[in-house]
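Asks: input-v5.txt is reproduced in full below (compact mmCIF, C-alpha atoms and all ligand atoms).
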```
# COMPACT_ATOMS: atom_id res chain seq x y z
CA MET T 1 -2.49 -124.68 -117.29
CA SER T 2 -4.47 -127.73 -116.19
CA LEU T 3 -2.63 -130.67 -114.67
CA ALA T 4 -5.73 -132.21 -113.12
CA GLY T 5 -5.80 -135.96 -113.58
CA LYS T 6 -2.25 -136.08 -114.97
CA ARG T 7 0.32 -138.47 -113.45
CA VAL T 8 3.91 -137.40 -112.90
CA LEU T 9 6.71 -139.75 -111.94
CA LEU T 10 9.07 -137.50 -110.01
CA ILE T 11 12.66 -138.74 -109.83
CA ILE T 12 14.73 -137.03 -107.17
CA SER T 13 18.49 -137.40 -107.39
CA GLY T 14 21.12 -136.62 -104.79
CA GLY T 15 21.67 -132.88 -104.88
CA ILE T 16 21.56 -130.27 -102.16
CA ALA T 17 18.46 -128.77 -103.83
CA ALA T 18 16.45 -131.99 -103.28
CA TYR T 19 14.49 -130.24 -100.52
CA LYS T 20 12.87 -128.03 -103.18
CA SER T 21 11.28 -131.14 -104.73
CA LEU T 22 8.96 -131.22 -101.69
CA GLU T 23 7.61 -127.80 -102.68
CA LEU T 24 7.25 -129.00 -106.28
CA VAL T 25 5.15 -131.96 -105.07
CA ARG T 26 2.95 -129.55 -103.09
CA LEU T 27 2.38 -127.37 -106.18
CA LEU T 28 1.54 -130.42 -108.33
CA ARG T 29 -0.85 -131.83 -105.72
CA GLN T 30 -2.58 -128.42 -105.43
CA ARG T 31 -3.39 -128.82 -109.12
CA SER T 32 -4.78 -132.33 -108.58
CA CYS T 33 -1.84 -133.90 -110.39
CA ALA T 34 -0.96 -137.39 -109.10
CA VAL T 35 2.71 -137.74 -108.14
CA THR T 36 4.74 -140.86 -107.53
CA ALA T 37 8.22 -140.23 -106.19
CA VAL T 38 11.37 -142.23 -106.88
CA LEU T 39 14.54 -141.45 -104.94
CA THR T 40 18.07 -142.39 -105.87
CA GLU T 41 20.21 -143.78 -103.08
CA ALA T 42 22.04 -140.45 -102.85
CA ALA T 43 18.74 -138.52 -102.73
CA GLU T 44 17.82 -140.38 -99.53
CA GLN T 45 20.69 -138.50 -97.87
CA PHE T 46 18.87 -135.22 -98.55
CA VAL T 47 15.12 -135.97 -98.26
CA THR T 48 13.28 -138.84 -96.63
CA PRO T 49 10.88 -141.26 -98.33
CA LEU T 50 8.50 -140.58 -95.44
CA SER T 51 8.18 -136.83 -96.25
CA LEU T 52 7.55 -137.65 -99.90
CA GLN T 53 5.08 -140.36 -99.09
CA ALA T 54 3.13 -137.94 -96.88
CA LEU T 55 3.12 -135.21 -99.52
CA THR T 56 2.46 -137.40 -102.58
CA GLU T 57 -0.01 -139.66 -100.72
CA ASN T 58 1.56 -142.50 -102.70
CA PRO T 59 4.15 -145.18 -101.98
CA VAL T 60 7.72 -143.96 -102.60
CA HIS T 61 10.10 -146.16 -104.57
CA THR T 62 13.82 -146.36 -103.98
CA ARG T 63 15.18 -149.77 -104.98
CA LEU T 64 15.16 -151.71 -108.25
CA PHE T 65 15.42 -155.05 -106.51
CA SER T 66 12.58 -154.63 -104.08
CA LEU T 67 10.36 -157.69 -103.95
CA THR T 68 7.47 -155.76 -102.42
CA ASP T 69 7.62 -152.98 -105.03
CA GLU T 70 7.90 -155.46 -107.90
CA SER T 71 4.90 -157.40 -106.64
CA ARG T 72 2.83 -154.22 -106.11
CA MET T 73 3.84 -152.53 -109.37
CA GLY T 74 6.71 -153.71 -111.57
CA HIS T 75 9.32 -151.13 -112.56
CA ILE T 76 8.26 -151.13 -116.22
CA GLU T 77 4.66 -150.53 -115.21
CA LEU T 78 5.82 -147.67 -112.99
CA SER T 79 7.18 -145.66 -115.93
CA ARG T 80 4.39 -146.82 -118.26
CA SER T 81 1.67 -145.56 -115.96
CA ALA T 82 3.00 -141.98 -115.83
CA ASP T 83 2.16 -139.20 -118.29
CA ALA T 84 5.62 -137.66 -117.84
CA LEU T 85 8.88 -138.31 -116.00
CA VAL T 86 10.47 -135.35 -114.22
CA VAL T 87 13.98 -135.43 -112.78
CA ALA T 88 14.25 -132.64 -110.19
CA PRO T 89 16.85 -131.98 -109.08
CA ALA T 90 18.92 -133.69 -111.76
CA THR T 91 22.52 -134.21 -110.62
CA ALA T 92 25.47 -134.18 -113.01
CA ASN T 93 25.69 -137.90 -112.28
CA ILE T 94 22.15 -138.82 -113.28
CA LEU T 95 22.40 -136.66 -116.43
CA ALA T 96 25.59 -138.54 -117.37
CA ARG T 97 23.91 -141.89 -116.75
CA MET T 98 20.88 -140.85 -118.81
CA ALA T 99 23.09 -139.67 -121.67
CA GLY T 100 25.06 -142.92 -121.53
CA GLY T 101 21.96 -145.12 -121.49
CA ILE T 102 23.00 -146.59 -118.15
CA ALA T 103 20.35 -148.36 -116.07
CA ASP T 104 22.07 -149.29 -112.83
CA ASP T 105 19.39 -148.31 -110.32
CA LEU T 106 15.62 -147.86 -110.22
CA ALA T 107 15.65 -144.19 -111.36
CA THR T 108 17.85 -144.72 -114.43
CA THR T 109 16.11 -147.99 -115.35
CA LEU T 110 12.77 -146.17 -115.37
CA LEU T 111 14.26 -143.37 -117.48
CA LEU T 112 15.61 -145.88 -120.01
CA ALA T 113 12.42 -147.94 -120.06
CA THR T 114 10.08 -145.04 -120.82
CA ASP T 115 8.66 -143.65 -124.02
CA LYS T 116 6.93 -140.80 -122.15
CA PRO T 117 8.12 -137.17 -122.24
CA VAL T 118 11.02 -136.49 -119.87
CA LEU T 119 11.89 -133.18 -118.22
CA VAL T 120 15.13 -132.58 -116.32
CA ALA T 121 15.82 -129.73 -113.89
CA PRO T 122 19.61 -129.72 -113.49
CA ALA T 123 21.17 -128.43 -110.27
CA MET T 124 24.85 -128.53 -109.48
CA ASN T 125 27.98 -126.54 -108.80
CA VAL T 126 28.75 -124.05 -111.58
CA ARG T 127 31.95 -125.86 -112.62
CA MET T 128 30.14 -129.18 -112.82
CA TRP T 129 27.48 -127.52 -115.04
CA LEU T 130 30.08 -125.90 -117.31
CA HIS T 131 32.30 -129.00 -117.47
CA ALA T 132 32.71 -130.28 -121.04
CA ALA T 133 31.31 -133.68 -119.96
CA THR T 134 28.06 -132.16 -118.65
CA VAL T 135 27.79 -129.84 -121.68
CA ALA T 136 28.12 -132.86 -123.99
CA ASN T 137 25.64 -134.90 -121.93
CA MET T 138 23.07 -132.09 -122.07
CA ALA T 139 23.51 -131.80 -125.85
CA THR T 140 22.95 -135.57 -126.18
CA LEU T 141 19.81 -135.43 -124.04
CA ALA T 142 18.44 -132.39 -125.90
CA ALA T 143 19.02 -134.11 -129.25
CA ARG T 144 16.93 -137.00 -127.92
CA GLY T 145 14.08 -134.65 -127.07
CA VAL T 146 14.56 -134.44 -123.30
CA ALA T 147 13.11 -131.12 -122.09
CA VAL T 148 15.18 -128.93 -119.76
CA VAL T 149 14.22 -126.27 -117.23
CA GLY T 150 16.96 -124.13 -115.74
CA PRO T 151 19.41 -124.11 -114.20
CA ASP T 152 19.12 -120.57 -112.86
CA GLU T 153 22.02 -118.26 -112.21
CA GLY T 154 22.89 -116.94 -108.79
CA ALA T 155 24.47 -117.71 -105.43
CA MET T 156 24.70 -121.41 -104.63
CA ALA T 157 25.00 -123.53 -101.50
CA CYS T 158 28.70 -124.07 -102.30
CA ASN T 159 29.31 -120.30 -101.95
CA GLU T 160 29.89 -119.88 -105.68
CA VAL T 161 27.94 -117.78 -108.15
CA GLY T 162 26.88 -118.71 -111.67
CA PRO T 163 24.56 -121.05 -113.54
CA GLY T 164 23.72 -124.20 -111.59
CA ARG T 165 20.86 -123.38 -109.21
CA LEU T 166 17.77 -125.52 -109.48
CA ALA T 167 14.98 -123.66 -111.29
CA GLU T 168 12.36 -122.48 -108.80
CA PRO T 169 9.46 -124.92 -108.26
CA PRO T 170 6.88 -122.62 -110.00
CA ALA T 171 9.12 -122.57 -113.11
CA ILE T 172 9.44 -126.38 -113.01
CA LEU T 173 5.66 -126.61 -112.62
CA GLN T 174 5.22 -124.41 -115.69
CA ALA T 175 7.69 -126.56 -117.66
CA ILE T 176 5.72 -129.69 -116.67
CA GLY T 177 2.55 -127.96 -117.90
CA ALA T 178 4.25 -127.15 -121.22
CA LEU T 179 5.54 -130.73 -121.48
CA LEU T 180 2.05 -132.16 -121.06
CA ALA T 181 0.22 -129.59 -123.16
CA PRO T 182 -0.02 -130.27 -126.88
CA ALA T 183 3.09 -128.57 -128.26
CA ALA T 184 2.53 -125.18 -129.83
CA ARG T 185 5.23 -124.98 -132.49
CA PRO T 186 4.15 -122.09 -134.72
CA LEU T 187 7.67 -121.70 -136.14
CA GLU T 188 7.97 -125.32 -137.31
CA GLY T 189 9.61 -125.32 -140.76
CA ARG T 190 11.02 -121.78 -140.35
CA HIS T 191 14.71 -120.90 -140.21
CA ALA T 192 15.82 -118.19 -137.79
CA LEU T 193 19.23 -116.52 -137.86
CA VAL T 194 20.26 -114.91 -134.56
CA THR T 195 23.46 -113.08 -133.67
CA SER T 196 24.63 -112.71 -130.09
CA GLY T 197 27.48 -111.57 -127.87
CA PRO T 198 30.22 -109.01 -128.45
CA THR T 199 32.88 -109.10 -131.14
CA HIS T 200 36.60 -109.06 -130.44
CA GLU T 201 38.65 -106.91 -132.82
CA PRO T 202 42.36 -107.73 -132.60
CA ILE T 203 44.97 -105.08 -131.87
CA ASP T 204 47.78 -107.61 -131.90
CA PRO T 205 47.89 -111.38 -131.26
CA VAL T 206 47.09 -110.92 -127.54
CA ARG T 207 45.02 -107.71 -127.29
CA TYR T 208 41.62 -106.81 -128.67
CA LEU T 209 38.85 -104.19 -128.64
CA ALA T 210 35.62 -105.52 -127.09
CA ASN T 211 32.47 -104.41 -125.27
CA ARG T 212 30.46 -105.48 -122.24
CA ALA T 213 27.79 -107.55 -124.05
CA SER T 214 27.26 -110.95 -122.39
CA GLY T 215 25.21 -112.63 -125.14
CA ARG T 216 22.43 -113.43 -122.65
CA GLN T 217 19.66 -111.71 -124.64
CA GLY T 218 20.68 -113.12 -128.03
CA HIS T 219 21.15 -116.64 -126.64
CA ALA T 220 17.75 -116.44 -124.89
CA ILE T 221 16.10 -115.37 -128.17
CA ALA T 222 17.71 -118.28 -130.02
CA ALA T 223 16.40 -120.68 -127.32
CA ALA T 224 12.91 -119.13 -127.38
CA LEU T 225 12.67 -119.38 -131.19
CA ALA T 226 13.83 -123.01 -131.06
CA ALA T 227 11.21 -123.73 -128.38
CA LEU T 228 8.56 -122.54 -130.84
CA GLY T 229 9.81 -125.05 -133.40
CA ALA T 230 12.17 -122.91 -135.52
CA ARG T 231 15.45 -124.26 -136.88
CA VAL T 232 17.86 -121.76 -135.40
CA THR T 233 21.38 -120.77 -136.45
CA LEU T 234 23.06 -118.76 -133.70
CA VAL T 235 26.14 -116.80 -134.77
CA SER T 236 27.86 -115.93 -131.54
CA GLY T 237 30.82 -113.76 -130.63
CA PRO T 238 32.97 -114.84 -127.65
CA VAL T 239 30.70 -115.47 -124.63
CA SER T 240 30.91 -117.61 -121.52
CA LEU T 241 27.40 -119.02 -121.86
CA PRO T 242 26.45 -122.62 -122.59
CA ASP T 243 25.01 -123.25 -126.05
CA PRO T 244 21.20 -123.07 -126.04
CA THR T 245 19.72 -126.53 -126.52
CA GLY T 246 18.55 -127.53 -129.96
CA VAL T 247 20.33 -124.64 -131.70
CA ALA T 248 23.16 -124.78 -134.30
CA VAL T 249 25.92 -122.48 -133.01
CA ARG T 250 28.56 -120.84 -135.23
CA ARG T 251 31.33 -119.29 -133.12
CA VAL T 252 33.12 -116.21 -134.44
CA GLU T 253 35.38 -113.48 -133.03
CA THR T 254 35.36 -110.47 -135.31
CA ALA T 255 32.62 -108.48 -137.07
CA GLU T 256 33.93 -109.60 -140.46
CA GLN T 257 33.71 -113.26 -139.41
CA MET T 258 30.21 -112.65 -138.04
CA LEU T 259 29.03 -111.18 -141.35
CA ALA T 260 30.52 -114.10 -143.29
CA ALA T 261 28.79 -116.61 -140.96
CA CYS T 262 25.47 -114.73 -141.32
CA ARG T 263 25.72 -114.72 -145.11
CA ALA T 264 26.53 -118.44 -145.08
CA ALA T 265 23.45 -119.12 -142.92
CA LEU T 266 21.01 -117.48 -145.39
CA PRO T 267 18.29 -117.99 -146.49
CA ALA T 268 16.34 -117.41 -143.29
CA ASP T 269 12.75 -116.43 -142.57
CA VAL T 270 13.77 -114.13 -139.75
CA GLY T 271 17.05 -112.50 -138.75
CA VAL T 272 17.49 -111.19 -135.21
CA PHE T 273 20.68 -109.17 -134.85
CA ALA T 274 21.22 -108.95 -131.11
CA ALA T 275 25.04 -109.04 -131.15
CA ALA T 276 26.90 -105.94 -130.02
CA VAL T 277 29.12 -105.67 -133.08
CA ALA T 278 32.11 -103.36 -132.80
CA ASP T 279 31.61 -100.34 -135.05
CA TRP T 280 35.32 -100.08 -135.71
CA ARG T 281 38.32 -102.36 -135.88
CA VAL T 282 42.01 -101.57 -135.79
CA ALA T 283 42.95 -100.75 -139.38
CA ARG T 284 46.10 -102.85 -139.28
CA ALA T 285 46.32 -105.30 -136.42
CA ALA T 286 49.96 -106.01 -135.57
CA GLU T 287 51.16 -109.48 -136.45
CA ARG T 288 53.43 -109.55 -133.43
CA LYS T 289 52.71 -108.43 -129.89
CA LEU T 290 53.23 -104.66 -129.56
CA LYS T 291 56.11 -104.12 -127.16
CA LYS T 292 56.25 -101.44 -124.49
CA THR T 293 59.50 -99.56 -125.04
CA PRO T 294 60.66 -97.43 -122.08
CA GLY T 295 60.41 -93.73 -122.97
CA ALA T 296 58.60 -94.35 -126.26
CA ALA T 297 55.13 -92.94 -126.93
CA PRO T 298 52.22 -95.45 -126.74
CA PRO T 299 51.18 -96.85 -130.14
CA GLU T 300 48.47 -94.96 -131.99
CA LEU T 301 45.61 -97.16 -133.09
CA ALA T 302 44.07 -96.07 -136.38
CA LEU T 303 40.52 -97.40 -136.62
CA THR T 304 38.50 -98.32 -139.68
CA PRO T 305 34.75 -99.01 -139.89
CA ASN T 306 33.53 -102.58 -139.61
CA PRO T 307 30.93 -103.92 -142.05
CA ASP T 308 27.38 -103.10 -140.97
CA ILE T 309 25.91 -106.60 -140.57
CA LEU T 310 22.33 -105.48 -139.96
CA ALA T 311 22.23 -103.10 -142.93
CA THR T 312 24.00 -105.62 -145.18
CA ILE T 313 21.58 -108.47 -144.43
CA ALA T 314 18.58 -106.09 -144.57
CA ALA T 315 19.70 -105.18 -148.11
CA ALA T 316 20.48 -108.75 -149.19
CA GLY T 317 17.98 -108.68 -152.08
CA PRO T 318 16.30 -112.03 -152.65
CA LEU T 319 18.18 -113.47 -149.66
CA ARG T 320 16.80 -110.84 -147.25
CA PRO T 321 14.95 -112.55 -144.39
CA ARG T 322 11.25 -111.70 -144.44
CA LEU T 323 11.57 -110.15 -141.01
CA VAL T 324 14.76 -108.32 -140.01
CA VAL T 325 15.06 -107.31 -136.36
CA GLY T 326 17.88 -105.03 -135.24
CA PHE T 327 19.00 -104.11 -131.74
CA ALA T 328 19.93 -100.63 -130.60
CA ALA T 329 21.88 -100.15 -127.39
CA GLU T 330 21.63 -96.47 -126.51
CA THR T 331 22.47 -94.31 -123.55
CA HIS T 332 20.11 -91.42 -124.39
CA ASP T 333 17.20 -90.41 -126.69
CA LEU T 334 16.22 -94.06 -127.03
CA ALA T 335 13.07 -93.67 -129.14
CA ARG T 336 14.56 -91.12 -131.53
CA HIS T 337 17.73 -93.15 -132.13
CA ALA T 338 15.74 -96.37 -132.57
CA GLU T 339 13.33 -94.86 -135.10
CA GLU T 340 16.24 -93.36 -136.98
CA LYS T 341 18.04 -96.73 -136.96
CA LEU T 342 14.93 -98.47 -138.30
CA ARG T 343 14.95 -96.18 -141.36
CA ARG T 344 18.72 -96.01 -141.85
CA LYS T 345 19.36 -99.76 -141.63
CA GLY T 346 16.31 -100.87 -143.60
CA CYS T 347 15.15 -103.29 -140.93
CA ASP T 348 11.55 -104.06 -139.91
CA TRP T 349 11.81 -103.82 -136.13
CA VAL T 350 14.32 -102.32 -133.75
CA VAL T 351 14.58 -103.57 -130.18
CA ALA T 352 16.02 -100.61 -128.28
CA ASN T 353 17.39 -100.71 -124.77
CA ASP T 354 18.94 -98.18 -122.47
CA VAL T 355 22.43 -99.37 -121.59
CA SER T 356 23.42 -96.34 -119.51
CA GLU T 357 25.40 -97.05 -116.38
CA GLY T 358 23.07 -97.92 -113.52
CA THR T 359 20.42 -99.72 -115.63
CA GLY T 360 22.37 -103.00 -115.18
CA ILE T 361 21.11 -104.09 -118.60
CA MET T 362 24.39 -104.56 -120.48
CA GLY T 363 25.87 -107.77 -119.09
CA GLY T 364 22.92 -108.18 -116.66
CA THR T 365 20.06 -110.71 -116.51
CA GLU T 366 17.14 -108.30 -117.03
CA ASN T 367 16.08 -106.07 -119.88
CA GLU T 368 13.64 -103.24 -120.47
CA ILE T 369 13.02 -102.72 -124.16
CA LEU T 370 11.29 -100.39 -126.53
CA LEU T 371 10.02 -102.30 -129.55
CA VAL T 372 10.03 -99.96 -132.53
CA THR T 373 8.14 -101.02 -135.65
CA ALA T 374 6.51 -99.17 -138.55
CA ALA T 375 3.42 -98.96 -136.29
CA GLY T 376 5.25 -97.01 -133.57
CA ALA T 377 7.24 -97.46 -130.37
CA GLU T 378 6.01 -99.90 -127.74
CA PRO T 379 7.61 -99.84 -124.27
CA TRP T 380 7.81 -103.29 -122.61
CA PRO T 381 8.02 -103.64 -118.81
CA ARG T 382 11.34 -104.62 -117.26
CA ALA T 383 11.61 -108.42 -117.21
CA SER T 384 14.19 -111.20 -117.28
CA LYS T 385 16.00 -111.59 -120.59
CA ASP T 386 14.35 -115.03 -120.93
CA GLU T 387 10.88 -113.49 -120.61
CA VAL T 388 11.74 -110.73 -123.10
CA ALA T 389 13.02 -113.45 -125.46
CA ARG T 390 9.81 -115.47 -125.15
CA GLY T 391 7.75 -112.33 -125.81
CA LEU T 392 9.80 -111.46 -128.90
CA ALA T 393 9.64 -115.05 -130.19
CA ALA T 394 5.84 -115.02 -129.85
CA ARG T 395 5.67 -111.70 -131.74
CA ILE T 396 7.95 -113.06 -134.46
CA ALA T 397 5.75 -116.16 -134.79
CA ALA T 398 2.67 -113.95 -135.12
CA ALA T 399 4.38 -111.71 -137.70
CA LEU T 400 5.48 -114.67 -139.84
CA GLY T 401 1.96 -116.11 -139.68
C1 LIG A 501 26.45 -132.32 -99.55
C2 LIG A 501 26.42 -132.77 -100.99
C3 LIG A 501 25.74 -132.02 -101.91
C4 LIG A 501 25.72 -132.40 -103.26
N1 LIG A 501 25.03 -131.63 -104.15
C5 LIG A 501 25.05 -131.98 -105.45
C6 LIG A 501 24.34 -131.18 -106.41
O1 LIG A 501 23.70 -130.17 -106.09
N2 LIG A 501 24.40 -131.54 -107.72
C7 LIG A 501 25.09 -132.64 -108.13
O2 LIG A 501 25.12 -132.90 -109.34
N3 LIG A 501 25.75 -133.42 -107.24
C8 LIG A 501 25.73 -133.13 -105.92
N4 LIG A 501 26.39 -133.91 -105.04
C9 LIG A 501 27.07 -135.12 -105.51
C10 LIG A 501 26.08 -136.25 -105.73
O3 LIG A 501 25.37 -136.52 -104.54
C11 LIG A 501 26.81 -137.49 -106.23
O4 LIG A 501 27.34 -137.23 -107.52
C12 LIG A 501 25.92 -138.70 -106.27
O5 LIG A 501 26.66 -139.80 -106.78
C13 LIG A 501 24.68 -138.47 -107.11
O6 LIG A 501 23.94 -139.66 -107.25
P1 LIG A 501 22.55 -139.73 -108.02
O7 LIG A 501 22.73 -139.01 -109.29
O8 LIG A 501 22.31 -141.21 -108.20
O9 LIG A 501 21.52 -139.14 -107.13
C14 LIG A 501 26.41 -133.56 -103.68
C15 LIG A 501 27.10 -134.32 -102.73
C16 LIG A 501 27.11 -133.93 -101.41
C17 LIG A 501 27.87 -134.77 -100.40
```
As structure tokens, please, write out the structure in this file.

Replies:
Amino acid sequence: MSLAGKRVLLIISGGIAAYKSLELVRLLRQRSCAVTAVLTEAAEQFVTPLSLQALTENPVHTRLFSLTDESRMGHIELSRSADALVVAPATANILARMAGGIADDLATTLLLATDKPVLVAPAMNVRMWLHAATVANMATLAARGVAVVGPDEGAMACNEVGPGRLAEPPAILQAIGALLAPAARPLEGRHALVTSGPTHEPIDPVRYLANRASGRQGHAIAAALAALGARVTLVSGPVSLPDPTGVAVRRVETAEQMLAACRAALPADVGVFAAAVADWRVARAAERKLKKTPGAAPPELALTPNPDILATIAAAGPLRPRLVVGFAAETHDLARHAEEKLRRKGCDWVVANDVSEGTGIMGGTENEILLVTAAGAEPWPRASKDEVARGLAARIAAALG
């Protein structure tokens, strides 16, 4: 990735992670990328213009109504002269102002006045990130073509855990490289159908059968396929993840609903069936809550098989996606079960993973897969689910030509 000679306008807003923007400047400068920093008023509480001036070797801008700044370089010229605008960290507040088209300080005026690519690196408390207002603002920004990196999941300064941590500076650097590189969109014009998450099979109006799937791998695949230019329909069971940007999400609960949503989404060039679909459902879910009667035996739940979504779509005749990818979560004999599943379900690839206790894969953030195709079984090294997703998306793009 070459950033030499490129010019980045780095907007730092007022979040606790603002100190990491100093490291980002260092990484950009190491690659001979020119950086001009703009701080919001709140950001000045976290990092000083002096540190940024020393690291960027450029004047730092903070105020819209600064006579000296306007005479040296007007605010419009400031955004015009950059190759890209990067907001890192991006607070919930600046994202809201960007989504609303508000220009009430130098940073937001520059963001509204630009026609250059914009990347945001959100960082905030997990509840702020998951708040409906922020979710809606992010969807608005994504629809306008604003690129996003992160946030990461993990422990935060506010002693909470979840999505909201600023992406690490090397990841932001990589995203800036991708933003400035000519876009590689090999899946442009293709439609991808992806399933994700668990299913919930009702026992009665308040109880259900479920599994430990988090939806992380399926959601990451949907995002990775969209990043390569595909139009993506994501059919998701109940998960607590934000919708991937630029993806059409169909929310379902049961296996039967998931199959109906998949059928409705066809035709597709590729189908990736990453959801952990319940094999069985309760034959007759009670219409009223089952009551616990003292002394009475517990209710017996008769189960009946659910439709096999993977096999059904793989046998969909003219509507069959050209490439059908199934997932196999196994606790033993991974390769044998995966190869057998490939034949039995009529799919083209099986992504097998070991979900035994102790691997931390089911519900976790990493994955270690065995990719089984007609050519054989290929073990992939353990990596984050995002990296596995990017690898699979690249393979899918290559397979579809
Ligand atoms: C100690 C402290 C830490 C903060 N950290 C964050 C943060 O990480 N993310 C965020 O969205 N807001 C954070 N805020 C709130 C913002 O500073 C506040 O919303 C401010 O108005 C943001 O202004 P700006 O977007 O113009 O920079 C923090 C506030 C304080 C006092």

Asks: Counting all atoms listed in the file, what is within 6 Å of Val355 in chain T, bar same-chain residues fewer than 6 positions away, as number ranges by chain?

Replies: T: 329-331, 361-362

Asks: With ligand LIG 501 (chain A) as the partner and 7 Å as the cut-off, tabulate the residues of chain T that qualify, each row holding the nearest pair of atoms and their distance in Å to one decimal, using all atoms listed in the file, sorted by chain and rising number, as CSV.

Replies:
```
residue,atom,partner,partner_atom,distance
T:Ser13,CA,A:LIG501,O9,3.5
T:Gly14,CA,A:LIG501,O9,3.5
T:Gly15,CA,A:LIG501,C6,3.5
T:Ile16,CA,A:LIG501,N1,4.2
T:Ala17,CA,A:LIG501,O1,5.9
T:Thr40,CA,A:LIG501,O9,4.9
T:Glu41,CA,A:LIG501,O8,6.1
T:Ala42,CA,A:LIG501,O9,4.5
T:Ala43,CA,A:LIG501,O9,5.2
T:Ala90,CA,A:LIG501,O2,6.7
T:Thr91,CA,A:LIG501,O2,3.2
T:Ala92,CA,A:LIG501,O2,3.9
T:Asn93,CA,A:LIG501,O7,4.4
T:Ile94,CA,A:LIG501,O7,4.0
T:Ala123,CA,A:LIG501,N2,5.2
T:Met124,CA,A:LIG501,N2,3.5
T:Asn125,CA,A:LIG501,O1,6.2
```

Asks: For Ala377 in chain T, work out the shell of residues within 12 Å, counting only C-alpha atoms and skipping chain neighbours fewer than 6 positions away, then give it as number ranges by chain.

Replies: T: 334-340, 342, 349-352, 369-371

Asks: Could you give me, as a ChimeraX atom specification, the residues that sit within 10 Å of (14.9, -131.1, -113.6) in the file's coordinates, counting all atoms listed in the file?

Replies: /T:10-13,21,85-91,95,118-123,147-151,166-167,169,172,175-176

Asks: What lies within 12 Å of Val60 in chain T using only C-alpha atoms, ignoring chain neighbours under 2 positions off, as an NGL selection string?

Replies: :T and (9-12 or 35-40 or 44 or 47-58 or 62-63 or 66 or 68-69 or 72-73 or 78 or 106-107)

Asks: Quick one: of T:Asn367, T:Met156, T:Ala181, T:Gly164, who's nearest to Ser2 in chain T, counting only C-alpha atoms?

Replies: T:Ala181

Asks: Can you work out the spacing between CA of Ile102 in chain T and CA of Ala136 in chain T in Å, to one decimal?

Replies: 15.8 Å

Asks: Write out as a list in words the residues lying within 9 Å of Pro242 in chain T, counting all atoms listed in the file and excluding same-chain residues fewer than 5 positions away.

Replies: Leu130, Val135 and His219 of chain T

Asks: Output C-alpha atoms of each residue in that selection to a file, as a compact mmCIF listing (two decimals), in the coordinates of the input.

Replies:
```txt
# COMPACT_ATOMS: atom_id res chain seq x y z
CA LEU T 130 30.08 -125.90 -117.31
CA VAL T 135 27.79 -129.84 -121.68
CA HIS T 219 21.15 -116.64 -126.64
```

Asks: Which residues come within 6 Å of range 208-214 of chain T, counting only C-alpha atoms, excluding same-chain residues fewer than 2 positions away, as a list in words?

Replies: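 Once the nearby chain positions are removed, what remains is Gly197, Pro198, His200, Glu201, Pro202, Ile203, Arg216, Met362 and Gly363 of chain T.
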
Asks: Residues as selected, C-alpha atoms, written as a PDB file, in the coordinates of the input, can you do that?

Replies:
```
ATOM      1  CA  GLY T 197      27.480-111.570-127.870  1.00  0.00           C
ATOM      2  CA  PRO T 198      30.220-109.010-128.450  1.00  0.00           C
ATOM      3  CA  HIS T 200      36.600-109.060-130.440  1.00  0.00           C
ATOM      4  CA  GLU T 201      38.650-106.910-132.820  1.00  0.00           C
ATOM      5  CA  PRO T 202      42.360-107.730-132.600  1.00  0.00           C
ATOM      6  CA  ILE T 203      44.970-105.080-131.870  1.00  0.00           C
ATOM      7  CA  ARG T 216      22.430-113.430-122.650  1.00  0.00           C
ATOM      8  CA  MET T 362      24.390-104.560-120.480  1.00  0.00           C
ATOM      9  CA  GLY T 363      25.870-107.770-119.090  1.00  0.00           C
TER      10      GLY T 363
END
```

Asks: Between CA of Met98 in chain T and CA of Ala139 in chain T, what is the distance, to one decimal in Å?

Replies: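 CA of Ala139 in chain T lies 11.8 Å from CA of Met98 in chain T.
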
Asks: How many Å lie between CA of Leu228 in chain T and CA of Gln174 in chain T, rounded to one decimal?

Replies: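 Between these atoms lies a distance of 15.6 Å.
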
Asks: With all atoms listed in the file as the basis for distance, which of T:Arg322, T:Thr199, T:Asp269, T:Asp354 is at the shortest distance from Arg281 in chain T?

Replies: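 Residue with the minimum atom-to-atom distance to Arg281 in chain T: T:Thr199.
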
Asks: Which is closer to Gly177 in chain T than all the others in T:Glu256, T:Glu368, T:Asp115, T:Asp83, using all atoms listed in the file?

Replies: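 Ranked by minimum distance to Gly177 in chain T, first place goes to T:Asp83.
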